[in-house]
file structure00.cif (mmCIF, C-alpha atoms and all ligand atoms)
data_upload
loop_
_atom_site.label_atom_id
_atom_site.label_comp_id
_atom_site.auth_asym_id
_atom_site.auth_seq_id
_atom_site.Cartn_x
_atom_site.Cartn_y
_atom_site.Cartn_z
CA MET A 18 12.31 20.78 -20.49
CA ASN A 19 15.57 21.42 -22.33
CA GLU A 20 17.54 18.29 -21.44
CA LYS A 21 18.38 15.97 -24.32
CA PRO A 22 16.10 12.99 -24.94
CA VAL A 23 17.21 9.64 -23.50
CA HIS A 24 16.27 6.81 -25.83
CA LEU A 25 15.94 3.12 -25.02
CA PHE A 26 18.46 2.02 -27.66
CA VAL A 27 20.96 3.94 -29.78
CA PRO A 28 23.23 1.80 -31.98
CA THR A 29 26.92 2.69 -31.97
CA PHE A 30 28.95 1.89 -35.06
CA ARG A 31 32.72 2.42 -35.38
CA VAL A 32 32.13 4.30 -38.59
CA GLU A 33 35.64 4.58 -40.02
CA GLU A 34 36.46 0.94 -39.34
CA CYS A 35 33.14 -0.18 -40.82
CA LEU A 36 33.75 1.95 -43.90
CA GLY A 37 37.19 0.35 -44.24
CA GLU A 38 35.64 -3.13 -44.26
CA ILE A 39 32.90 -2.09 -46.67
CA ARG A 40 35.39 -0.35 -48.95
CA GLU A 41 37.35 -3.60 -49.17
CA CYS A 42 34.18 -5.39 -50.33
CA LEU A 43 33.40 -2.71 -52.90
CA GLU A 44 36.94 -2.54 -54.24
CA LYS A 45 37.15 -6.31 -54.52
CA GLY A 46 33.76 -6.35 -56.20
CA TRP A 47 32.41 -8.95 -53.76
CA THR A 48 29.57 -7.92 -51.46
CA GLY A 49 27.68 -11.22 -51.15
CA LEU A 50 28.07 -14.60 -49.50
CA GLY A 51 31.71 -15.63 -49.01
CA PHE A 52 34.83 -13.48 -48.44
CA LYS A 53 33.85 -11.50 -45.31
CA THR A 54 31.04 -13.91 -44.31
CA VAL A 55 33.59 -16.73 -44.15
CA ALA A 56 35.98 -14.53 -42.15
CA PHE A 57 33.24 -13.59 -39.69
CA GLU A 58 32.03 -17.18 -39.28
CA GLU A 59 35.61 -18.17 -38.39
CA ALA A 60 35.95 -15.23 -36.01
CA TRP A 61 32.66 -16.11 -34.28
CA VAL A 62 33.67 -19.76 -33.85
CA LYS A 63 36.97 -18.62 -32.35
CA TYR A 64 35.26 -16.11 -30.03
CA THR A 65 32.49 -18.38 -28.75
CA GLY A 66 34.24 -21.75 -28.93
CA LEU A 67 31.07 -23.13 -30.55
CA PRO A 68 31.83 -25.85 -33.12
CA HIS A 69 30.15 -24.26 -36.16
CA ALA A 70 28.65 -20.96 -37.28
CA HIS A 71 26.77 -19.94 -40.40
CA PHE A 72 26.12 -16.26 -41.13
CA LEU A 73 22.53 -15.25 -42.01
CA ASN A 74 20.49 -12.24 -43.00
CA SER A 75 18.61 -12.34 -39.64
CA ALA A 76 17.97 -14.31 -36.48
CA THR A 77 14.38 -14.81 -37.63
CA ALA A 78 15.73 -16.81 -40.58
CA GLY A 79 17.95 -18.75 -38.17
CA LEU A 80 15.10 -19.70 -35.85
CA HIS A 81 13.13 -20.93 -38.85
CA LEU A 82 16.05 -23.00 -40.12
CA ALA A 83 16.75 -24.44 -36.67
CA LEU A 84 13.29 -25.99 -36.62
CA ARG A 85 13.26 -26.85 -40.35
CA LEU A 86 16.45 -28.91 -40.06
CA LEU A 87 15.67 -30.56 -36.73
CA LYS A 88 12.20 -31.46 -38.01
CA GLU A 89 13.70 -33.08 -41.07
CA LYS A 90 16.52 -34.89 -39.26
CA ASP A 91 14.34 -36.25 -36.44
CA GLY A 92 11.29 -36.93 -38.63
CA TRP A 93 8.82 -34.73 -36.76
CA SER A 94 5.26 -34.44 -38.08
CA ASP A 95 3.12 -31.40 -38.70
CA GLY A 96 1.31 -30.49 -35.48
CA ASP A 97 4.13 -31.72 -33.22
CA GLU A 98 4.73 -29.41 -30.28
CA VAL A 99 7.48 -26.99 -29.35
CA ILE A 100 7.43 -25.52 -25.85
CA THR A 101 8.14 -21.81 -25.86
CA THR A 102 7.80 -18.56 -23.93
CA PRO A 103 5.12 -15.89 -24.22
CA LEU A 104 7.68 -13.19 -23.25
CA THR A 105 9.60 -12.79 -26.47
CA PHE A 106 9.71 -11.03 -29.80
CA VAL A 107 7.24 -12.78 -32.12
CA SER A 108 10.05 -14.15 -34.34
CA THR A 109 10.62 -16.93 -31.80
CA ASN A 110 7.07 -18.19 -32.03
CA HIS A 111 6.45 -17.45 -35.70
CA ALA A 112 9.41 -19.73 -36.49
CA ILE A 113 7.51 -22.64 -34.92
CA LEU A 114 4.49 -21.93 -37.09
CA TYR A 115 6.60 -21.59 -40.27
CA GLU A 116 7.25 -25.33 -39.89
CA ASN A 117 3.62 -26.26 -39.14
CA LEU A 118 4.56 -27.07 -35.57
CA LYS A 119 2.51 -25.98 -32.57
CA PRO A 120 3.77 -23.38 -30.07
CA VAL A 121 2.89 -24.57 -26.56
CA PHE A 122 3.43 -21.75 -24.11
CA ALA A 123 5.04 -22.38 -20.72
CA ASP A 124 5.34 -19.88 -17.90
CA VAL A 125 8.37 -17.84 -16.86
CA ASP A 126 10.42 -17.60 -13.67
CA ARG A 127 11.83 -14.64 -11.73
CA TYR A 128 14.39 -14.08 -14.51
CA LEU A 129 11.52 -13.76 -17.03
CA CYS A 130 12.92 -16.84 -18.81
CA LEU A 131 11.22 -20.23 -19.16
CA ASP A 132 10.57 -21.95 -15.85
CA PRO A 133 11.78 -25.59 -15.92
CA ALA A 134 8.85 -26.78 -13.76
CA SER A 135 6.32 -25.20 -16.11
CA VAL A 136 8.13 -26.61 -19.16
CA GLU A 137 8.08 -30.08 -17.62
CA ALA A 138 4.36 -29.80 -16.93
CA ARG A 139 3.71 -28.99 -20.61
CA ILE A 140 5.55 -32.02 -22.05
CA THR A 141 3.29 -34.42 -23.94
CA SER A 142 3.91 -37.37 -26.26
CA ARG A 143 4.04 -34.86 -29.13
CA THR A 144 6.62 -32.50 -27.63
CA ARG A 145 9.77 -32.40 -29.75
CA ALA A 146 11.71 -29.33 -28.65
CA VAL A 147 12.02 -26.42 -26.27
CA MET A 148 12.75 -22.90 -27.49
CA PHE A 149 14.60 -20.99 -24.75
CA VAL A 150 14.96 -17.22 -24.99
CA GLY A 151 17.78 -15.63 -22.93
CA LEU A 152 15.81 -12.48 -22.24
CA GLY A 153 18.00 -9.40 -22.17
CA GLY A 154 21.12 -11.60 -22.16
CA ASN A 155 20.16 -13.48 -18.99
CA THR A 156 20.65 -17.25 -18.89
CA GLY A 157 17.87 -17.76 -16.33
CA GLN A 158 17.59 -21.49 -15.59
CA LEU A 159 19.04 -22.58 -18.93
CA ASP A 160 21.15 -25.31 -17.30
CA ALA A 161 18.08 -26.92 -15.73
CA ILE A 162 16.17 -26.70 -19.02
CA ALA A 163 19.12 -28.30 -20.87
CA SER A 164 19.17 -31.18 -18.35
CA LEU A 165 15.42 -31.62 -18.68
CA CYS A 166 15.71 -31.74 -22.49
CA ARG A 167 18.46 -34.37 -22.30
CA LEU A 168 16.43 -36.44 -19.83
CA ARG A 169 13.24 -36.30 -21.88
CA GLY A 170 14.85 -36.62 -25.32
CA LEU A 171 13.85 -33.13 -26.47
CA ARG A 172 15.84 -30.81 -28.71
CA LEU A 173 16.93 -27.48 -27.25
CA VAL A 174 16.90 -24.40 -29.46
CA LEU A 175 18.44 -21.31 -27.89
CA ASP A 176 17.15 -17.99 -29.13
CA ALA A 177 20.23 -15.98 -28.23
CA ALA A 178 19.19 -12.83 -30.07
CA HIS A 179 20.12 -10.86 -26.94
CA MET A 180 23.09 -12.99 -25.91
CA ALA A 181 26.12 -12.05 -28.01
CA GLY A 182 28.88 -12.15 -25.40
CA THR A 183 26.85 -13.77 -22.58
CA ARG A 184 28.87 -16.32 -20.64
CA LEU A 185 27.62 -19.04 -18.34
CA HIS A 186 30.07 -20.48 -15.81
CA GLY A 187 32.85 -18.73 -17.73
CA ARG A 188 32.04 -20.15 -21.17
CA HIS A 189 30.16 -18.49 -24.01
CA VAL A 190 26.53 -19.51 -24.02
CA GLY A 191 25.31 -22.04 -26.61
CA HIS A 192 27.31 -25.17 -25.81
CA GLU A 193 24.37 -26.67 -23.89
CA SER A 194 21.98 -26.39 -26.85
CA ASP A 195 21.46 -28.36 -30.07
CA VAL A 196 21.37 -25.11 -31.98
CA VAL A 197 21.80 -21.48 -31.02
CA VAL A 198 20.74 -18.44 -33.01
CA PHE A 199 22.17 -14.91 -32.60
CA SER A 200 20.86 -11.59 -33.89
CA TYR A 201 23.14 -8.84 -35.19
CA GLN A 202 20.29 -6.46 -35.96
CA ALA A 203 21.17 -2.79 -35.44
CA VAL A 204 20.11 -2.36 -31.79
CA LYS A 205 21.58 -5.64 -30.60
CA ASN A 206 24.90 -5.98 -28.73
CA LEU A 207 26.83 -6.85 -31.90
CA PRO A 208 25.25 -4.41 -34.33
CA THR A 209 25.21 -4.52 -38.13
CA ALA A 210 22.35 -3.14 -40.22
CA ASP A 211 20.62 -6.56 -40.12
CA ALA A 212 22.15 -10.03 -39.81
CA GLY A 213 22.20 -13.20 -37.70
CA MET A 214 24.07 -16.42 -37.06
CA ILE A 215 23.04 -20.06 -36.64
CA CYS A 216 25.34 -22.42 -34.77
CA PHE A 217 24.47 -26.10 -34.91
CA ASN A 218 26.24 -28.46 -32.59
CA ASP A 219 26.05 -31.23 -35.18
CA ARG A 220 28.45 -31.05 -38.13
CA GLY A 221 26.01 -32.66 -40.54
CA LEU A 222 23.35 -30.07 -39.75
CA ASP A 223 25.88 -27.29 -40.18
CA GLU A 224 26.72 -28.62 -43.66
CA GLU A 225 23.02 -28.96 -44.48
CA VAL A 226 22.11 -25.46 -43.33
CA ARG A 227 24.60 -23.91 -45.76
CA LYS A 228 22.53 -25.37 -48.62
CA TRP A 229 19.22 -24.28 -47.08
CA THR A 230 20.31 -20.65 -46.89
CA TRP A 231 21.01 -20.49 -50.62
CA LEU A 232 17.96 -21.97 -52.27
CA GLY A 233 19.05 -25.60 -51.82
CA ILE A 234 21.99 -25.17 -54.19
CA ASN A 235 24.78 -27.52 -53.19
CA LYS A 236 27.70 -25.24 -54.07
CA ASP A 237 27.82 -21.54 -53.33
CA THR A 238 29.01 -19.03 -55.93
CA TYR A 239 31.98 -18.06 -53.82
CA THR A 240 33.24 -21.64 -53.54
CA ARG A 241 32.69 -22.04 -57.25
CA THR A 242 34.63 -18.86 -57.95
CA VAL A 243 37.60 -19.55 -55.74
CA GLU A 244 37.88 -23.31 -56.06
CA LYS A 245 36.75 -24.32 -59.51
CA GLN A 246 38.15 -23.51 -62.88
CA GLY A 247 36.71 -24.06 -66.32
CA ALA A 248 33.26 -25.20 -67.31
CA TYR A 249 32.65 -27.46 -64.30
CA ARG A 250 32.22 -24.52 -61.96
CA TRP A 251 28.76 -23.97 -63.45
CA TYR A 252 27.56 -27.47 -62.65
CA TYR A 253 25.73 -27.64 -59.38
CA ASP A 254 22.78 -29.60 -58.13
CA VAL A 255 19.68 -28.33 -56.32
CA GLU A 256 18.59 -30.72 -53.63
CA HIS A 257 15.46 -29.07 -52.20
CA PRO A 258 13.67 -25.73 -52.29
CA GLY A 259 15.86 -23.79 -49.87
CA PHE A 260 15.56 -20.13 -48.92
CA LYS A 261 17.47 -16.92 -49.60
CA TYR A 262 18.58 -16.54 -45.99
CA HIS A 263 22.38 -16.24 -46.16
CA GLY A 264 24.19 -13.14 -44.94
CA ASN A 265 26.38 -10.88 -47.07
CA SER A 266 29.92 -9.54 -46.92
CA VAL A 267 28.96 -5.93 -46.23
CA MET A 268 27.12 -6.96 -43.05
CA ALA A 269 29.89 -9.40 -42.14
CA GLY A 270 32.44 -6.59 -42.48
CA MET A 271 30.44 -4.52 -39.98
CA ALA A 272 30.17 -7.56 -37.72
CA LEU A 273 33.94 -8.11 -37.77
CA VAL A 274 34.39 -4.57 -36.50
CA ALA A 275 31.70 -4.91 -33.81
CA LEU A 276 33.18 -8.20 -32.58
CA ARG A 277 36.48 -6.44 -31.81
CA TYR A 278 34.60 -4.31 -29.27
CA LEU A 279 31.97 -6.76 -28.01
CA ASP A 280 33.53 -7.59 -24.64
CA GLU A 281 34.41 -3.97 -23.95
CA ASP A 282 30.92 -2.82 -24.96
CA ASN A 283 29.19 -5.46 -22.84
CA GLY A 284 31.44 -4.44 -19.94
CA TYR A 285 30.16 -0.88 -20.34
CA ARG A 286 26.56 -2.15 -20.37
CA ARG A 287 27.24 -4.05 -17.15
CA ARG A 288 28.73 -0.91 -15.61
CA ILE A 289 25.61 1.14 -16.41
CA SER A 290 23.45 -1.73 -15.11
CA ALA A 291 25.39 -1.76 -11.85
CA ARG A 292 24.76 1.97 -11.58
CA TYR A 293 21.03 1.39 -12.07
CA ASP A 294 21.18 -1.38 -9.44
CA ALA A 295 22.78 0.95 -6.92
CA LEU A 296 20.31 3.75 -7.64
CA LEU A 297 17.21 1.57 -7.46
CA GLU A 298 18.17 -0.80 -4.65
CA GLY A 299 15.97 -0.64 -1.58
CA ASN A 300 13.00 0.92 -3.37
CA PRO A 301 10.05 -1.36 -2.70
CA GLY A 302 8.13 -0.02 -5.73
CA VAL A 303 10.82 -1.19 -8.17
CA GLU A 304 11.54 -4.90 -8.46
CA ARG A 305 14.83 -5.47 -10.29
CA ILE A 306 15.21 -8.53 -12.50
CA GLN A 307 18.39 -10.20 -11.26
CA VAL A 308 21.02 -11.83 -13.43
CA ALA A 309 21.05 -15.60 -12.79
CA PRO A 310 23.93 -17.11 -10.76
CA GLY A 311 26.91 -18.06 -12.94
CA CYS A 312 25.77 -15.76 -15.76
CA GLU A 313 27.90 -12.93 -17.10
CA SER A 314 25.11 -11.23 -19.00
CA SER A 315 25.57 -9.30 -22.23
CA ARG A 316 23.11 -6.88 -20.60
CA HIS A 317 21.15 -6.27 -23.73
CA LEU A 318 18.36 -5.10 -21.42
CA TYR A 319 18.00 -3.69 -17.92
CA GLN A 320 14.52 -4.68 -16.76
CA VAL A 321 12.44 -3.89 -13.68
CA LEU A 322 8.86 -4.64 -12.66
CA LEU A 323 6.56 -1.98 -11.27
CA ASP A 324 2.89 -1.19 -10.73
CA ARG A 325 1.04 1.35 -12.92
CA ARG A 326 3.72 0.73 -15.58
CA ASP A 327 1.95 2.55 -18.40
CA GLU A 328 1.36 5.68 -16.29
CA VAL A 329 5.00 5.70 -15.20
CA MET A 330 6.09 5.42 -18.84
CA VAL A 331 3.89 8.34 -19.87
CA GLY A 332 5.35 10.41 -17.03
CA MET A 333 8.91 9.56 -18.06
CA ASN A 334 8.13 10.28 -21.72
CA ALA A 335 7.00 13.77 -20.70
CA GLU A 336 10.57 14.26 -19.44
CA GLU A 337 11.95 12.99 -22.74
CA ILE A 338 13.00 9.64 -21.30
CA TYR A 339 11.87 6.71 -23.44
CA PRO A 340 11.99 3.26 -21.81
CA GLY A 341 10.64 0.16 -23.60
CA VAL A 342 8.64 -2.99 -22.90
CA HIS A 343 10.09 -6.47 -23.56
CA TYR A 344 7.69 -7.99 -24.17
CA ARG A 345 3.94 -8.01 -24.45
CA ASP A 346 2.65 -11.47 -23.51
CA ASN A 347 2.44 -13.12 -26.96
CA THR A 348 -0.78 -14.93 -26.00
CA LEU A 349 -2.47 -11.51 -26.08
CA TYR A 350 -1.91 -11.41 -29.84
CA ARG A 351 -4.89 -12.75 -31.74
CA MET A 352 -2.91 -15.47 -33.49
CA TYR A 353 -1.62 -16.93 -30.19
CA GLY A 354 -4.85 -16.20 -28.31
CA TYR A 355 -5.61 -19.92 -27.96
CA ALA A 356 -3.11 -19.98 -25.09
CA GLN A 357 -4.39 -16.92 -23.25
CA GLY A 358 -4.54 -17.49 -19.48
CA THR A 359 -2.13 -20.44 -19.51
CA CYS A 360 0.91 -18.47 -18.29
CA PRO A 361 -0.19 -16.21 -15.41
CA LEU A 362 3.31 -15.17 -14.30
CA ALA A 363 4.35 -14.17 -17.80
CA HIS A 364 1.09 -12.29 -18.16
CA ALA A 365 1.59 -10.41 -14.88
CA ALA A 366 5.18 -9.58 -15.86
CA SER A 367 4.03 -8.34 -19.24
CA GLU A 368 1.77 -5.81 -17.47
CA ARG A 369 4.56 -4.63 -15.14
CA VAL A 370 7.85 -4.91 -17.00
CA ILE A 371 9.85 -1.95 -18.25
CA SER A 372 13.29 -1.80 -19.91
CA LEU A 373 15.31 1.24 -18.92
CA PRO A 374 17.46 2.98 -21.55
CA LEU A 375 20.72 1.09 -22.00
CA HIS A 376 23.24 1.66 -24.76
CA LEU A 377 26.83 2.71 -25.28
CA ARG A 378 26.16 6.44 -25.49
CA LEU A 379 24.22 6.49 -22.24
CA THR A 380 26.38 8.07 -19.53
CA GLU A 381 26.24 7.42 -15.79
CA GLU A 382 24.68 10.89 -15.47
CA ASP A 383 21.97 9.85 -17.94
CA ALA A 384 21.36 6.70 -15.87
CA GLU A 385 21.01 8.87 -12.76
CA ARG A 386 18.47 11.06 -14.54
CA VAL A 387 16.52 7.98 -15.69
CA ALA A 388 16.51 6.49 -12.18
CA ARG A 389 15.44 9.80 -10.60
CA SER A 390 12.59 10.13 -13.05
CA LEU A 391 11.51 6.52 -12.57
CA LEU A 392 11.47 6.82 -8.78
CA ALA A 393 9.58 10.12 -8.90
CA HIS A 394 6.81 8.53 -11.02
CA VAL A 395 6.65 5.27 -9.09
CA ARG A 396 5.71 7.02 -5.86
C1 LIG B 401 14.20 -12.53 -28.65
C2 LIG B 401 14.37 -12.24 -30.12
N1 LIG B 401 14.34 -13.25 -30.99
C3 LIG B 401 14.48 -13.06 -32.31
C4 LIG B 401 14.66 -11.78 -32.83
C5 LIG B 401 14.77 -11.61 -34.31
O1 LIG B 401 16.00 -11.08 -34.68
P1 LIG B 401 16.23 -10.53 -36.15
O2 LIG B 401 15.72 -9.11 -36.16
O3 LIG B 401 17.71 -10.58 -36.34
O4 LIG B 401 15.50 -11.39 -37.09
C6 LIG B 401 14.68 -10.70 -31.97
C7 LIG B 401 14.85 -9.33 -32.50
O5 LIG B 401 14.41 -8.35 -31.99
C8 LIG B 401 14.53 -10.91 -30.57
O6 LIG B 401 14.53 -9.89 -29.72
#
call {"tool": "encode", "arguments": {"input": "structure00.cif", "output": "C-alpha cells", "more": "lines below"}}
Ligand SMILES: Cc1ncc(COP(=O)(O)O)c(C=O)c1O
result
Amino acid sequence: MNEKPVHLFVPTFRVEECLGEIRECLEKGWTGLGFKTVAFEEAWVKYTGLPHAHFLNSATAGLHLALRLLKEKDGWSDGDEVITTPLTFVSTNHAILYENLKPVFADVDRYLCLDPASVEARITSRTRAVMFVGLGGNTGQLDAIASLCRLRGLRLVLDAAHMAGTRLHGRHVGHESDVVVFSYQAVKNLPTADAGMICFNDRGLDEEVRKWTWLGINKDTYTRTVEKQGAYRWYYDVEHPGFKYHGNSVMAGMALVALRYLDEDNGYRRRISARYDALLEGNPGVERIQVAPGCESSRHLYQVLLDRRDEVMVGMNAEEIYPGVHYRDNTLYRMYGYAQGTCPLAHAASERVISLPLHLRLTEEDAERVARSLLAHVR
C-alpha cells in the first residue's frame, strides 16, 4: 500500500497570518488576557450576534463555569440534577461533577443528540438544567429541548464545542440557550492551539464570569494597565476563589485569523460531506446521520452507523485510512457506570458509530477512497 494515510482530523492553520498576529503580541510585550482577547471577543459577538462572549483557555473550563455561575445565581444545592447525554466527550459530564451536581443521562435521537421525550421523562423535582451537545455541529432537536426547558423552568447549557459556525433557521446557534460554550482546540472548526469561549445570555453573568476566570480578582491587569494611572491601579479586591481559566492573546490572535475563514472552511466541510452522502446513499449497510431540518451544520463530523464497526475500522486502518468514534457511551466508563443500561439507543449507537475523515486538506478524491474502502469492508 503506497497511498498516503488519510487521517480523521488534520488542523489547518494560516501560518503566515497567525505568525503576524503572534508577532504583534510579542513586539507589544503583551501575550496574556486583554489586547487580542478583547478584540476576539468583540469579533465573536459580531459574528454570532450573541450578546456577550468571554474568551477562555478551553471549553472544558467554560462548561465548568456555566454550571458554577448558574448554580450560584439560582441557588442550586449539591446533588441537584443536570440532564445530559452519554454520547459526548467526558468534559461535558465532568463539568457537572465539578460542581457536585448529578449527571442524569437521557437517551439520544436519530441525530445522536438528546431526545426531548427522554429528557422530559428524566425530569424530577431536583432537575435544574439540561446540557445539550450539538454532536458534530448538528442541532438535532435543540428547539424542542429549548421549549421544554422554558416550560419546565430549567436552564439550558449548550455544549457547542463542535458548533462554531452552525446556524439554525439562518441564525448562529446559541440564542436559544442560557449559556453556550465553544471550543477552539486544535482539531475543532475554529482552530487555535487550545482555547474556548463562554457566552452568557445574561449581562450580569457575563460580568461575573470575567472575575471567575481570573482568580476572583475584580479588575484584570489589562484594564488596570490601560485605564488606571498612579498608585490606585494596584488596588483591587478579591471576591471569591476564582480559577485561572481566561484565554490569552497569542491564542486569540490565532482565533482572529481562523474566524476570517470559518464560513469558507465550513462550506468546504459541507461540500466533502455532500460528496460522502452521494457516495454512500442507497447502501443499506451504511446508515447516514442526517443534519436536522433548519440546521446549517458546521460539519465538524461526518458520522454513519454500521454493523461490525470495529472490524470495519481495522480493515480501513490496514489501508491507512483512520476514521474515529464519537463517542463511547459515557455510562460504560466506571465513574458513570451507575447509569449503565438507562440509554439503550445511545448505547447501540456507541457500538455502531464511526466518524469518517473530514478536514480541510481532505480532497474529494480522498473522500472517494474513504467511501470505497468503507463499502468494501461493510459487505
Ligand atoms: C463535545 C465536547 N465538549 C467539550 C469539549 C472540550 O473542549 P476543550 O478541549 O476545548 O476543553 C470537547 C473537546 O473535544 C468536545 O468534543
call {"tool": "residues_near_ligand", "arguments": {"input": "structure00.cif", "ligand": "ligand LIG 401 (chain B)", "cutoff": "8 Å", "atoms": "all atoms listed in the file", "output": "list in words"}}
result
Asn74, Ser75, Ala76, Thr77, Ala78, Gly79, Leu80, Thr105, Phe106, Val107, Ser108, Thr109, Val150, Gly151, Leu152, Asp176, Ala177, Ala178, His179, Phe199, Ser200, Tyr201, Gln202, Lys205, Asp211, Ala212 and Gly213 of chain A
call {"tool": "write_last_selection", "arguments": {"input": "structure00.cif", "atoms": "C-alpha atoms", "output": "CSV table (one decimal), in the coordinates of the input"}}
result
chain,number,residue,atom,x,y,z
A,74,ASN,CA,20.5,-12.2,-43.0
A,75,SER,CA,18.6,-12.3,-39.6
A,76,ALA,CA,18.0,-14.3,-36.5
A,77,THR,CA,14.4,-14.8,-37.6
A,78,ALA,CA,15.7,-16.8,-40.6
A,79,GLY,CA,18.0,-18.8,-38.2
A,80,LEU,CA,15.1,-19.7,-35.8
A,105,THR,CA,9.6,-12.8,-26.5
A,106,PHE,CA,9.7,-11.0,-29.8
A,107,VAL,CA,7.2,-12.8,-32.1
A,108,SER,CA,10.0,-14.2,-34.3
A,109,THR,CA,10.6,-16.9,-31.8
A,150,VAL,CA,15.0,-17.2,-25.0
A,151,GLY,CA,17.8,-15.6,-22.9
A,152,LEU,CA,15.8,-12.5,-22.2
A,176,ASP,CA,17.2,-18.0,-29.1
A,177,ALA,CA,20.2,-16.0,-28.2
A,178,ALA,CA,19.2,-12.8,-30.1
A,179,HIS,CA,20.1,-10.9,-26.9
A,199,PHE,CA,22.2,-14.9,-32.6
A,200,SER,CA,20.9,-11.6,-33.9
A,201,TYR,CA,23.1,-8.8,-35.2
A,202,GLN,CA,20.3,-6.5,-36.0
A,205,LYS,CA,21.6,-5.6,-30.6
A,211,ASP,CA,20.6,-6.6,-40.1
A,212,ALA,CA,22.2,-10.0,-39.8
A,213,GLY,CA,22.2,-13.2,-37.7
call {"tool": "residues_around", "arguments": {"input": "structure00.cif", "residues": "Pro133 in chain A", "least_positions_apart": "4", "cutoff": "12 Å", "atoms": "all atoms listed in the file", "output": "list in words"}}
result
Ile100, Thr101, Thr102, Ala123, Asp124, Val125, Asp126, Arg127, Tyr128, Leu129, Glu137, Ala138, Arg139, Ile140, Val147, Met148, Phe149, Gly157, Gln158, Leu159, Asp160, Ala161, Ile162, Ala163, Ser164, Leu165 and Cys166 of chain A
call {"tool": "residues_around", "arguments": {"input": "structure00.cif", "residues": "Leu82 in chain A", "least_positions_apart": "6", "cutoff": "9 Å", "atoms": "only C-alpha atoms", "output": "number ranges by chain"}}
result
A: 112, 215, 226, 229-230
call {"tool": "closest_residue", "arguments": {"input": "structure00.cif", "among": "A:Leu222, A:Val190, A:Ala134, A:Ala388", "to": "Thr156 in chain A", "atoms": "only C-alpha atoms"}}
result
A:Val190
call {"tool": "axis_aligned_box", "arguments": {"input": "structure00.cif", "around": "range 160-167 of chain A", "padding_each_side": "3 Å", "output": "AutoDock Vina command-line options"}}
result
--center_x 18.3 --center_y -29.8 --center_z -19.1 --size_x 11.7 --size_y 15.1 --size_z 12.8
call {"tool": "build_atoms", "arguments": {"input": "structure00.cif", "residues": "range 167-179 of chain A", "atoms": "N, CA and C atoms", "output": "short mmCIF file (atom, residue, chain, number, x, y, z; two decimals), keeping the file's coordinate frame"}}
result
data_model
loop_
_atom_site.label_atom_id
_atom_site.label_comp_id
_atom_site.auth_asym_id
_atom_site.auth_seq_id
_atom_site.Cartn_x
_atom_site.Cartn_y
_atom_site.Cartn_z
N ARG A 167 17.67 -33.13 -22.13
CA ARG A 167 18.46 -34.37 -22.30
C ARG A 167 17.70 -35.55 -21.72
N LEU A 168 17.14 -35.37 -20.53
CA LEU A 168 16.43 -36.44 -19.83
C LEU A 168 15.20 -36.92 -20.60
N ARG A 169 14.50 -35.95 -21.22
CA ARG A 169 13.24 -36.30 -21.88
C ARG A 169 13.38 -36.46 -23.40
N GLY A 170 14.61 -36.42 -23.89
CA GLY A 170 14.85 -36.62 -25.32
C GLY A 170 14.29 -35.51 -26.19
N LEU A 171 14.35 -34.27 -25.69
CA LEU A 171 13.85 -33.13 -26.47
C LEU A 171 15.02 -32.32 -27.01
N ARG A 172 14.83 -31.71 -28.16
CA ARG A 172 15.84 -30.81 -28.71
C ARG A 172 15.75 -29.47 -28.01
N LEU A 173 16.90 -28.82 -27.86
CA LEU A 173 16.93 -27.48 -27.25
C LEU A 173 17.43 -26.47 -28.28
N VAL A 174 16.55 -25.50 -28.56
CA VAL A 174 16.90 -24.40 -29.46
C VAL A 174 17.06 -23.15 -28.60
N LEU A 175 18.22 -22.52 -28.68
CA LEU A 175 18.44 -21.31 -27.89
C LEU A 175 18.30 -20.08 -28.77
N ASP A 176 17.28 -19.28 -28.47
CA ASP A 176 17.15 -17.99 -29.13
C ASP A 176 18.03 -17.02 -28.35
N ALA A 177 19.23 -16.81 -28.89
CA ALA A 177 20.23 -15.98 -28.23
C ALA A 177 20.34 -14.62 -28.91
N ALA A 178 19.19 -14.13 -29.39
CA ALA A 178 19.19 -12.83 -30.07
C ALA A 178 19.80 -11.74 -29.19
N HIS A 179 19.63 -11.88 -27.87
CA HIS A 179 20.12 -10.86 -26.94
C HIS A 179 21.45 -11.25 -26.31
#
